[in-house]
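Novice: So here's run_25.cif, just mmCIF, C-alpha atoms and all ligand atoms:
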```cif
data_final
loop_
_atom_site.label_atom_id
_atom_site.label_comp_id
_atom_site.auth_asym_id
_atom_site.auth_seq_id
_atom_site.Cartn_x
_atom_site.Cartn_y
_atom_site.Cartn_z
CA MET A 102 -10.73 13.47 -8.65
CA GLN A 103 -7.69 15.45 -7.56
CA GLN A 104 -4.91 13.00 -6.80
CA ILE A 105 -3.89 9.41 -7.48
CA LEU A 106 -1.27 8.00 -5.10
CA VAL A 107 0.83 5.13 -6.44
CA ILE A 108 2.78 3.08 -3.90
CA GLN A 109 5.46 0.85 -5.43
CA SER A 110 6.96 -1.75 -3.11
CA SER A 111 8.84 -4.18 -5.34
CA ALA A 112 12.55 -4.33 -4.50
CA ARG A 113 13.29 -4.56 -8.21
CA GLN A 114 12.92 -1.88 -10.85
CA SER A 115 13.29 -4.02 -13.94
CA GLY A 116 11.23 -7.12 -14.60
CA SER A 117 8.77 -6.29 -11.81
CA LEU A 118 5.27 -7.52 -12.55
CA SER A 119 3.67 -5.45 -9.79
CA ARG A 120 5.29 -2.30 -11.21
CA GLU A 121 4.23 -3.20 -14.75
CA TYR A 122 0.58 -3.88 -13.88
CA THR A 123 0.40 -0.96 -11.46
CA ALA A 124 1.64 1.32 -14.24
CA THR A 125 -0.97 -0.07 -16.65
CA LEU A 126 -3.75 0.49 -14.14
CA THR A 127 -2.50 4.00 -13.36
CA ALA A 128 -2.41 4.85 -17.07
CA LYS A 129 -6.05 3.74 -17.35
CA LEU A 130 -7.00 5.93 -14.39
CA GLN A 131 -5.11 8.86 -15.91
CA ALA A 132 -7.01 8.42 -19.17
CA GLN A 133 -10.25 8.45 -17.19
CA TYR A 134 -9.25 11.43 -14.99
CA PRO A 135 -6.77 13.48 -17.06
CA GLN A 136 -6.81 16.37 -14.58
CA ALA A 137 -5.71 14.19 -11.64
CA LYS A 138 -2.21 14.64 -10.26
CA VAL A 139 -0.27 11.37 -9.96
CA VAL A 140 2.03 11.10 -6.93
CA ILE A 141 4.46 8.18 -6.95
CA ARG A 142 5.81 6.94 -3.61
CA ASP A 143 8.48 4.37 -4.50
CA ILE A 144 9.16 2.66 -1.18
CA GLY A 145 10.91 -0.19 -3.02
CA ALA A 146 13.63 2.23 -4.17
CA GLN A 147 13.48 4.56 -1.17
CA PRO A 148 12.14 2.67 1.83
CA VAL A 149 10.46 4.68 4.55
CA PRO A 150 12.26 4.19 7.90
CA HIS A 151 11.22 1.50 10.31
CA LEU A 152 9.57 2.77 13.45
CA ASP A 153 12.19 3.50 16.09
CA GLU A 154 12.40 5.18 19.46
CA THR A 155 13.07 8.59 17.92
CA LEU A 156 9.90 8.46 15.81
CA LEU A 157 7.79 7.12 18.66
CA GLY A 158 9.07 10.04 20.75
CA GLY A 159 8.01 12.40 17.96
CA TRP A 160 4.53 10.87 17.95
CA MET A 161 3.96 10.55 21.66
CA LYS A 162 5.85 13.19 23.62
CA PRO A 163 4.31 16.62 24.18
CA ALA A 164 5.73 19.10 21.64
CA ASP A 165 7.74 21.04 24.23
CA GLN A 166 9.58 17.87 25.31
CA GLN A 167 10.54 16.65 21.83
CA THR A 168 14.10 16.75 20.56
CA GLN A 169 14.83 18.22 17.14
CA GLU A 170 15.40 14.66 15.81
CA GLU A 171 12.04 13.50 17.16
CA ARG A 172 10.27 16.46 15.55
CA ALA A 173 11.99 15.79 12.22
CA ALA A 174 11.09 12.08 12.34
CA ALA A 175 7.45 12.91 13.10
CA ALA A 176 7.36 15.43 10.25
CA ARG A 177 8.65 12.81 7.77
CA SER A 178 5.98 10.43 9.01
CA ASP A 179 3.26 13.11 8.79
CA GLU A 180 4.14 13.56 5.13
CA LEU A 181 3.12 9.95 4.42
CA VAL A 182 -0.20 10.35 6.26
CA ASP A 183 -0.92 13.70 4.54
CA GLU A 184 -0.15 12.17 1.15
CA LEU A 185 -2.59 9.32 1.77
CA LEU A 186 -5.35 11.59 3.07
CA ALA A 187 -4.94 13.95 0.10
CA SER A 188 -5.42 11.15 -2.44
CA ASP A 189 -8.80 10.19 -3.86
CA VAL A 190 -7.51 6.95 -5.30
CA VAL A 191 -4.57 4.81 -4.20
CA VAL A 192 -2.86 2.15 -6.30
CA ILE A 193 -0.58 -0.21 -4.38
CA GLY A 194 1.93 -2.49 -6.10
CA SER A 195 2.53 -5.37 -3.71
CA PRO A 196 4.78 -8.34 -4.48
CA MET A 197 4.30 -11.35 -2.24
CA TYR A 198 7.47 -12.00 -0.24
CA ASN A 199 7.39 -15.01 2.09
CA PHE A 200 3.60 -15.27 2.06
CA GLY A 201 3.00 -11.65 3.01
CA ILE A 202 3.74 -8.11 1.95
CA THR A 203 7.25 -6.70 1.58
CA SER A 204 8.85 -5.28 4.71
CA THR A 205 8.90 -1.91 2.93
CA LEU A 206 5.10 -1.92 2.55
CA LYS A 207 4.71 -3.04 6.16
CA SER A 208 6.81 -0.07 7.19
CA TRP A 209 4.53 2.26 5.18
CA PHE A 210 1.50 0.82 6.96
CA ASP A 211 3.27 1.36 10.30
CA HIS A 212 3.47 5.07 9.46
CA VAL A 213 -0.05 5.58 8.12
CA LEU A 214 -2.01 3.52 10.66
CA ARG A 215 -1.61 6.40 13.06
CA ALA A 216 -3.59 6.98 16.23
CA GLY A 217 -5.11 10.44 16.21
CA ARG A 218 -4.70 10.87 12.45
CA THR A 219 -6.17 7.89 10.59
CA PHE A 220 -7.90 6.14 13.53
CA LYS A 221 -8.49 6.82 17.20
CA TYR A 222 -8.72 4.76 20.35
CA THR A 223 -11.95 5.02 22.34
CA GLU A 224 -13.35 3.30 25.42
CA THR A 225 -15.26 0.97 23.13
CA GLY A 226 -12.28 0.17 20.92
CA PRO A 227 -10.54 1.74 17.94
CA VAL A 228 -12.57 3.91 15.53
CA PRO A 229 -11.51 4.70 11.96
CA LEU A 230 -10.94 8.36 11.05
CA THR A 231 -10.09 8.02 7.35
CA PRO A 232 -12.86 8.79 4.86
CA ASP A 233 -13.24 5.82 2.52
CA ARG A 234 -11.62 6.03 -0.90
CA LYS A 235 -10.87 3.68 -3.77
CA VAL A 236 -7.79 1.53 -3.35
CA TYR A 237 -6.51 -0.88 -5.99
CA VAL A 238 -3.91 -3.43 -4.95
CA VAL A 239 -1.89 -5.23 -7.62
CA THR A 240 -0.20 -8.29 -6.16
CA SER A 241 2.49 -10.31 -7.94
CA ARG A 242 3.22 -13.83 -6.85
CA GLY A 243 5.50 -16.68 -7.84
CA GLY A 244 2.84 -19.23 -6.89
CA ARG A 245 -0.92 -19.33 -6.59
CA HIS A 246 -2.39 -18.39 -3.23
CA GLN A 247 -5.79 -16.77 -3.72
CA GLY A 248 -8.19 -17.80 -0.97
CA MET A 249 -5.66 -20.16 0.62
CA PRO A 250 -4.47 -20.17 4.25
CA GLN A 251 -0.91 -19.22 3.35
CA ASP A 252 -2.09 -15.94 1.78
CA HIS A 253 -1.12 -13.41 4.44
CA GLN A 254 -1.03 -10.60 1.90
CA GLN A 255 -4.63 -9.91 0.82
CA PRO A 256 -6.10 -10.47 4.32
CA TYR A 257 -3.46 -8.25 5.95
CA ILE A 258 -3.89 -5.39 3.48
CA THR A 259 -7.70 -5.64 3.73
CA THR A 260 -7.57 -5.60 7.54
CA ALA A 261 -5.03 -2.77 7.78
CA LEU A 262 -6.92 -0.50 5.37
CA GLY A 263 -10.29 -1.40 6.91
CA PHE A 264 -8.95 -0.55 10.36
CA ILE A 265 -8.49 3.10 9.36
CA GLY A 266 -11.77 3.25 7.39
CA ILE A 267 -10.84 2.25 3.84
CA LYS A 268 -13.19 -0.51 2.70
CA ASP A 269 -13.40 0.06 -1.06
CA VAL A 270 -10.45 -2.15 -1.97
CA THR A 271 -10.07 -4.10 -5.21
CA PHE A 272 -7.31 -6.66 -5.74
CA VAL A 273 -5.78 -7.64 -9.06
CA HIS A 274 -3.51 -10.69 -8.75
CA VAL A 275 -0.68 -11.61 -11.11
CA GLU A 276 -0.08 -15.18 -9.94
CA GLY A 277 1.92 -18.23 -10.93
CA GLN A 278 4.94 -16.27 -12.13
CA SER A 279 7.50 -18.85 -10.92
CA MET A 280 5.57 -21.88 -12.16
CA GLY A 281 6.91 -22.14 -15.70
CA ASP A 282 5.96 -20.34 -18.88
CA GLU A 283 2.50 -21.81 -19.27
CA GLU A 284 1.32 -20.98 -15.73
CA ALA A 285 3.02 -17.58 -15.84
CA GLY A 286 1.21 -16.80 -19.10
CA LYS A 287 -2.06 -17.94 -17.60
CA GLY A 288 -1.47 -15.72 -14.54
CA ARG A 289 -0.79 -12.73 -16.75
CA ALA A 290 -3.85 -13.41 -18.92
CA GLU A 291 -6.05 -13.53 -15.81
CA ALA A 292 -4.60 -10.23 -14.59
CA ASP A 293 -5.05 -8.65 -18.06
CA LYS A 294 -8.69 -9.73 -18.02
CA ALA A 295 -9.22 -8.36 -14.51
CA LEU A 296 -7.69 -5.01 -15.52
CA ALA A 297 -9.79 -4.83 -18.69
CA GLU A 298 -12.93 -5.50 -16.64
CA LEU A 299 -11.94 -2.76 -14.18
CA ALA A 300 -11.55 -0.31 -17.02
CA ALA A 301 -14.96 -1.28 -18.40
C1 LIG B 1 12.39 -12.56 -1.27
C2 LIG B 1 11.28 -13.15 -2.09
C3 LIG B 1 10.29 -13.88 -1.46
C4 LIG B 1 9.25 -14.42 -2.22
N1 LIG B 1 8.27 -15.12 -1.58
C5 LIG B 1 7.23 -15.62 -2.29
C6 LIG B 1 6.17 -16.34 -1.66
O1 LIG B 1 6.12 -16.49 -0.44
N2 LIG B 1 5.18 -16.81 -2.44
C7 LIG B 1 5.16 -16.63 -3.78
O2 LIG B 1 4.21 -17.06 -4.43
N3 LIG B 1 6.13 -15.94 -4.41
C8 LIG B 1 7.16 -15.44 -3.71
N4 LIG B 1 8.15 -14.73 -4.34
C9 LIG B 1 8.03 -14.50 -5.77
C10 LIG B 1 7.49 -13.10 -6.04
O3 LIG B 1 6.23 -12.89 -5.42
C11 LIG B 1 7.34 -12.86 -7.54
O4 LIG B 1 8.61 -12.99 -8.14
C12 LIG B 1 6.76 -11.51 -7.86
O5 LIG B 1 6.64 -11.38 -9.26
C13 LIG B 1 7.63 -10.39 -7.30
O6 LIG B 1 7.05 -9.14 -7.57
P1 LIG B 1 7.69 -8.16 -8.67
O7 LIG B 1 7.65 -8.92 -9.97
O8 LIG B 1 6.81 -6.96 -8.70
O9 LIG B 1 9.08 -7.83 -8.25
C14 LIG B 1 9.20 -14.21 -3.61
C15 LIG B 1 10.20 -13.44 -4.22
C16 LIG B 1 11.24 -12.92 -3.48
C17 LIG B 1 12.29 -12.09 -4.17
#
```
Let me see the structure of the file written as structure tokens.
Ligand SMILES: Cc1cc2nc3c(=O)[nH]c(=O)nc-3n(C[C@H](O)[C@H](O)[C@H](O)COP(=O)(O)O)c2cc1C
Specialist:
Amino acid sequence: MQQILVIQSSARQSGSLSREYTATLTAKLQAQYPQAKVVIRDIGAQPVPHLDETLLGGWMKPADQQTQEERAAAARSDELVDELLASDVVVIGSPMYNFGITSTLKSWFDHVLRAGRTFKYTETGPVPLTPDRKVYVVTSRGGRHQGMPQDHQQPYITTALGFIGIKDVTFVHVEGQSMGDEEAGKGRAEADKALAELAA
């Protein structure tokens, strides 16, 4: 185990449940693998840019036709792909916003689901290029959505990671956080139990 990548996508720094539980899980992993380097990519605080025409030019144009801006945009994007590919374990903190992931996390996926790097197109359809690795996803939610049709977060993350070849994905949900103290406490207790079982 060389590197643990932590992606934080909550818009808030203080009071964030996904940050809190992601930090707890990362600390457990660090205790288990003390030699591993931890890389924190805080896209909540410093969002990665949305895809735009400049970046698409950097991805798609032949090198000798790219502008300096297109090359720079592609290099910034490459950094995110390289960081993912260099990490043995990834921990993603993912608040539910409007039934799905945050726009900042969607933007990260838009960079790392990259044709020619993490998957490729073939005549028989897309083929993943990313060697599998362990991914933990900590979701935080005001309500309860597990297994329900309005949950566009877990299915999206599972599909997006699976598309590039990452199948070993474990979710820890912190649910019910806007449902009053009792439900919030219950949601936290369930997440605590899930984390303790992971550690065991
Ligand atoms: C803009 C916004 C949209 C939200 N949408 C949902 C939602 O669709 N479903 C839900 O259960 N909770 C929703 N919530 C509540 C958050 O998921 C909850 O507060 C969670 O703890 C946020 O993650 P954080 O604590 O890491 O910041 C929303 C919160 C915000 C700020």
Novice: Kindly work out which residues sit at most 8 Å from ligand LIG 1 (chain B), using only C-alpha atoms and all ligand atoms, and give the list as a short mmCIF file (atom, residue, chain, number, x, y, z; two decimals) with C-alpha atoms, in the frame of the given file.
Specialist:
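This is the output file pocket-v1.cif:
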```
data_model
loop_
_atom_site.label_atom_id
_atom_site.label_comp_id
_atom_site.auth_asym_id
_atom_site.auth_seq_id
_atom_site.Cartn_x
_atom_site.Cartn_y
_atom_site.Cartn_z
CA SER A 110 6.96 -1.75 -3.11
CA SER A 111 8.84 -4.18 -5.34
CA ALA A 112 12.55 -4.33 -4.50
CA ARG A 113 13.29 -4.56 -8.21
CA GLN A 114 12.92 -1.88 -10.85
CA GLY A 116 11.23 -7.12 -14.60
CA SER A 117 8.77 -6.29 -11.81
CA LEU A 118 5.27 -7.52 -12.55
CA SER A 119 3.67 -5.45 -9.79
CA ARG A 120 5.29 -2.30 -11.21
CA GLU A 121 4.23 -3.20 -14.75
CA GLY A 194 1.93 -2.49 -6.10
CA SER A 195 2.53 -5.37 -3.71
CA PRO A 196 4.78 -8.34 -4.48
CA MET A 197 4.30 -11.35 -2.24
CA TYR A 198 7.47 -12.00 -0.24
CA ASN A 199 7.39 -15.01 2.09
CA PHE A 200 3.60 -15.27 2.06
CA GLY A 201 3.00 -11.65 3.01
CA THR A 240 -0.20 -8.29 -6.16
CA SER A 241 2.49 -10.31 -7.94
CA ARG A 242 3.22 -13.83 -6.85
CA GLY A 243 5.50 -16.68 -7.84
CA GLY A 244 2.84 -19.23 -6.89
CA ARG A 245 -0.92 -19.33 -6.59
CA HIS A 246 -2.39 -18.39 -3.23
CA VAL A 275 -0.68 -11.61 -11.11
CA GLU A 276 -0.08 -15.18 -9.94
CA GLY A 277 1.92 -18.23 -10.93
CA GLN A 278 4.94 -16.27 -12.13
CA SER A 279 7.50 -18.85 -10.92
#
```
Novice: Give me, as a CSV table (one decimal) with C-alpha atoms, keeping the file's coordinate frame, all polymer residues having an atom no more than 8 Å from segment 137-154 of chain A, counting only C-alpha atoms and skipping those fewer than 2 positions away in the same chain.
Specialist:
```csv
chain,number,residue,atom,x,y,z
A,102,MET,CA,-10.7,13.5,-8.6
A,103,GLN,CA,-7.7,15.4,-7.6
A,104,GLN,CA,-4.9,13.0,-6.8
A,105,ILE,CA,-3.9,9.4,-7.5
A,106,LEU,CA,-1.3,8.0,-5.1
A,107,VAL,CA,0.8,5.1,-6.4
A,108,ILE,CA,2.8,3.1,-3.9
A,109,GLN,CA,5.5,0.8,-5.4
A,110,SER,CA,7.0,-1.8,-3.1
A,111,SER,CA,8.8,-4.2,-5.3
A,112,ALA,CA,12.6,-4.3,-4.5
A,113,ARG,CA,13.3,-4.6,-8.2
A,114,GLN,CA,12.9,-1.9,-10.8
A,131,GLN,CA,-5.1,8.9,-15.9
A,134,TYR,CA,-9.2,11.4,-15.0
A,135,PRO,CA,-6.8,13.5,-17.1
A,156,LEU,CA,9.9,8.5,15.8
A,157,LEU,CA,7.8,7.1,18.7
A,158,GLY,CA,9.1,10.0,20.8
A,205,THR,CA,8.9,-1.9,2.9
A,206,LEU,CA,5.1,-1.9,2.6
A,208,SER,CA,6.8,-0.1,7.2
A,209,TRP,CA,4.5,2.3,5.2
A,211,ASP,CA,3.3,1.4,10.3
A,212,HIS,CA,3.5,5.1,9.5
```
Novice: Nearest residue to Gly266 of chain A out of A:Pro250, A:Pro227, A:Gly159, A:Gly288, using all atoms listed in the file?
Specialist: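 Counting all atoms listed in the file, the residue closest to Gly266 of chain A is A:Pro227.
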Novice: What separation in Å, quoted to one decimal, exists between atom CA of Arg289 of chain A and atom CA of Lys235 of chain A?
Specialist: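 Separating atom CA of Arg289 of chain A from atom CA of Lys235 of chain A is a distance of 23.2 Å.
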Novice: May I ask for the distance between atom CA of Val182 of chain A and atom CA of Gln254 of chain A, given in Å to one decimal place?
Specialist: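 Between atom CA of Val182 of chain A and atom CA of Gln254 of chain A the gap works out to 21.4 Å.
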Novice: Please list as a list of chain:residue names every residue within 12 Å of Leu299 of chain A, counting all atoms listed in the file and excluding residues in the same chain fewer than 2 positions away.
Specialist: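 With the cut-off at 12 Å, the set is A:Thr125, A:Leu126, A:Thr127, A:Lys129, A:Leu130, A:Gln133, A:Tyr237, A:Thr271, A:Phe272, A:Val273, A:Ala292, A:Asp293, A:Lys294, A:Ala295, A:Leu296, A:Ala297, A:Ala301.
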Novice: Just give me the gap between atom CA of Asp269 of chain A and atom CA of Val192 of chain A in Å, one decimal is fine.
Specialist: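 Computing the Euclidean distance for atom CA of Asp269 of chain A and atom CA of Val192 of chain A yields 12.0 Å.
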Novice: Just checking: using only C-alpha atoms, which residue out of A:Ala187, A:Gln247, A:His274, A:His253 ends up closest to Pro232 of chain A?
Specialist: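 Of the candidates, the smallest distance to Pro232 of chain A is held by A:Ala187.
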Novice: Take every atom of segment 127-142 of chain A listed in the file, pad by 8 Å on each side, and give me the axis-aligned box centre and edge lengths in Å, one decimal, as AutoDock Vina command-line options.
Specialist:
```
--center_x -2.2 --center_y 10.1 --center_z -11.4 --size_x 32.1 --size_y 28.6 --size_z 31.6
```
Novice: Ranking A:Asp282, A:Asp189, A:Arg215, A:Ile202 by minimum distance to Ala175 of chain A and counting all atoms listed in the file, which one comes first?
Specialist: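 Nearest to Ala175 of chain A: A:Arg215.
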Novice: I'd like to know which of A:Thr225, A:Gln169, A:Ser178, A:Thr123 is closest to Ile193 of chain A, using all atoms listed in the file.
Specialist: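 Among the listed residues, A:Thr123 lies closest to Ile193 of chain A.
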Novice: Quick one: of A:Val270, A:Leu262, A:Leu185, A:Val213, who's nearest to Val236 of chain A, counting all atoms listed in the file?
Specialist: A:Val270
Novice: Between A:Met161, A:Arg234, A:Gln166, A:Pro229, which one has atoms that come closest to Ser188 of chain A, using all atoms listed in the file?
Specialist: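 Looking at the shortest contact to Ser188 of chain A, the residue is A:Arg234.
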